[in-house]
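J.: There's a structure below that I have some questions on.
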Amino acid sequence: QVQLVESGGGSVPAGGSLRLSCAAVGSTDGMRCMAWFRQAPGKEREGVANIGIVGDTLFGDSVEGRFTISRDNARDTVHLQMNNVQPEDTAMYYCAADERRFCWYVGLNQSRYDYWGQGTQVTVSS
């Protein structure tokens, strides 16, 4: 049974930084694609970024240039470094992962990810 365990959420003032982490526990083959999504109150869930097993990345338009994503394949862990955060970044952030498919295929299409974390709240104050 694979579980995604997220950490690192919290409150931060606008312009600050925050780092989220997510560990995939219980995977035998490792995750081919790991990603972050977010959902603000009253809005649809949107893709933030993903990263493949060779380090290929994809970012959502709203975060490109401010957020970076990295992973530790040996630990099946993904990190989201959030810089220059703004109030509009306030949301529940979810880790997602797929064991079978590469990031070039799943993209930021949430329906294509097999596993999801419980979410970690990020609140940015103005």
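Residues are named by chain letter and number: chains run A, B, ... in the order of the structure tokens, numbers start at 1 in each chain, and ligands are numbered from 1 in the order shown.
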Using only C-alpha atoms, which protein or nucleic acid residues come within 12 Å of Ser111 (chain A)? Drop anything in the same chain fewer than 6 positions from it, and give the result as a PyMOL selection string.
T.: chain A and resi 37+45-47+96-98+105
J.: Only N, CA, C and O atoms, please: the residues just picked out, written as a compact mmCIF listing (two decimals), in the first residue's frame.
T.:
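This went into again_24.txt:
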# COMPACT_ATOMS: atom_id res chain seq x y z
N PHE A 37 -0.09 19.63 -6.61
CA PHE A 37 -1.30 20.34 -7.02
C PHE A 37 -1.74 21.21 -5.86
O PHE A 37 -1.28 21.03 -4.73
N ARG A 45 -8.98 22.40 -8.35
CA ARG A 45 -7.60 22.01 -8.11
C ARG A 45 -6.78 22.28 -9.36
O ARG A 45 -7.22 22.01 -10.48
N GLU A 46 -5.58 22.83 -9.17
CA GLU A 46 -4.73 23.14 -10.31
C GLU A 46 -3.35 22.53 -10.12
O GLU A 46 -2.87 22.36 -9.00
N GLY A 47 -2.70 22.23 -11.23
CA GLY A 47 -1.35 21.68 -11.19
C GLY A 47 -0.34 22.76 -10.91
O GLY A 47 -0.39 23.84 -11.51
N ALA A 96 1.14 14.37 -5.43
CA ALA A 96 0.61 13.29 -6.27
C ALA A 96 1.77 12.54 -6.91
O ALA A 96 2.84 13.12 -7.11
N ALA A 97 1.53 11.28 -7.23
CA ALA A 97 2.62 10.48 -7.81
C ALA A 97 2.05 9.36 -8.65
O ALA A 97 0.90 8.93 -8.47
N ASP A 98 2.87 8.92 -9.59
CA ASP A 98 2.48 7.80 -10.45
C ASP A 98 3.67 6.86 -10.61
O ASP A 98 4.77 7.30 -10.95
N TYR A 105 3.87 12.05 -20.06
CA TYR A 105 2.52 11.57 -20.37
C TYR A 105 1.48 12.15 -19.42
O TYR A 105 0.44 12.64 -19.85
J.: Please identify which residues in chain A DSSP calls strand (DSSP E) from the backbone, and express them as a PyMOL selection string.
T.: chain A and resi 3-7+10-13+18-25+33-39+46-52+57-59+67-72+77-82+91-98+115-116+120-125
J.: Quick one: pull the distance between CA of Asp56 (chain A) and CA of Tyr113 (chain A), Å, one decimal.
T.: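 These atoms are spaced 16.7 Å apart.
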J.: List the neighbours of Asn83 (chain A) out to 12 Å using only C-alpha atoms; skip same-chain residues closer than 5 positions along the sequence, and give me the result as a list in words.
T.: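 With the cut-off at 12 Å, the set is Val12, Pro13, Ala14, Gly15, Gly16, Ser17, Leu18, Arg19, Leu20, Val63, Glu64, Gly65, Arg66, Phe67, Thr68, Ile69, Asp89 and Val124 of chain A.
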J.: Near Ala24 (chain A), counting only C-alpha atoms, which residues have an atom at most 6 Å away, once you skip same-chain residues fewer than 3 positions from it, shown as a count of residues only?
T.: 3
J.: I need the residues in chain A that are helix (DSSP H, G or I) according to DSSP; give them as a list in words.
T.: Asn73, Ala74, Arg75, Pro87, Glu88, Asp89, Cys103, Trp104, Tyr105, Val106, Gln110, Ser111 and Arg112 of chain A
J.: Got a sec: who's within 10 Å of Val54 (chain A), counting only C-alpha atoms, leaving out chain neighbours fewer than 2 positions off, as an MDAnalysis selection string?
T.: chainID A and resid 32:33 51:52 56:57 71 73 102:103
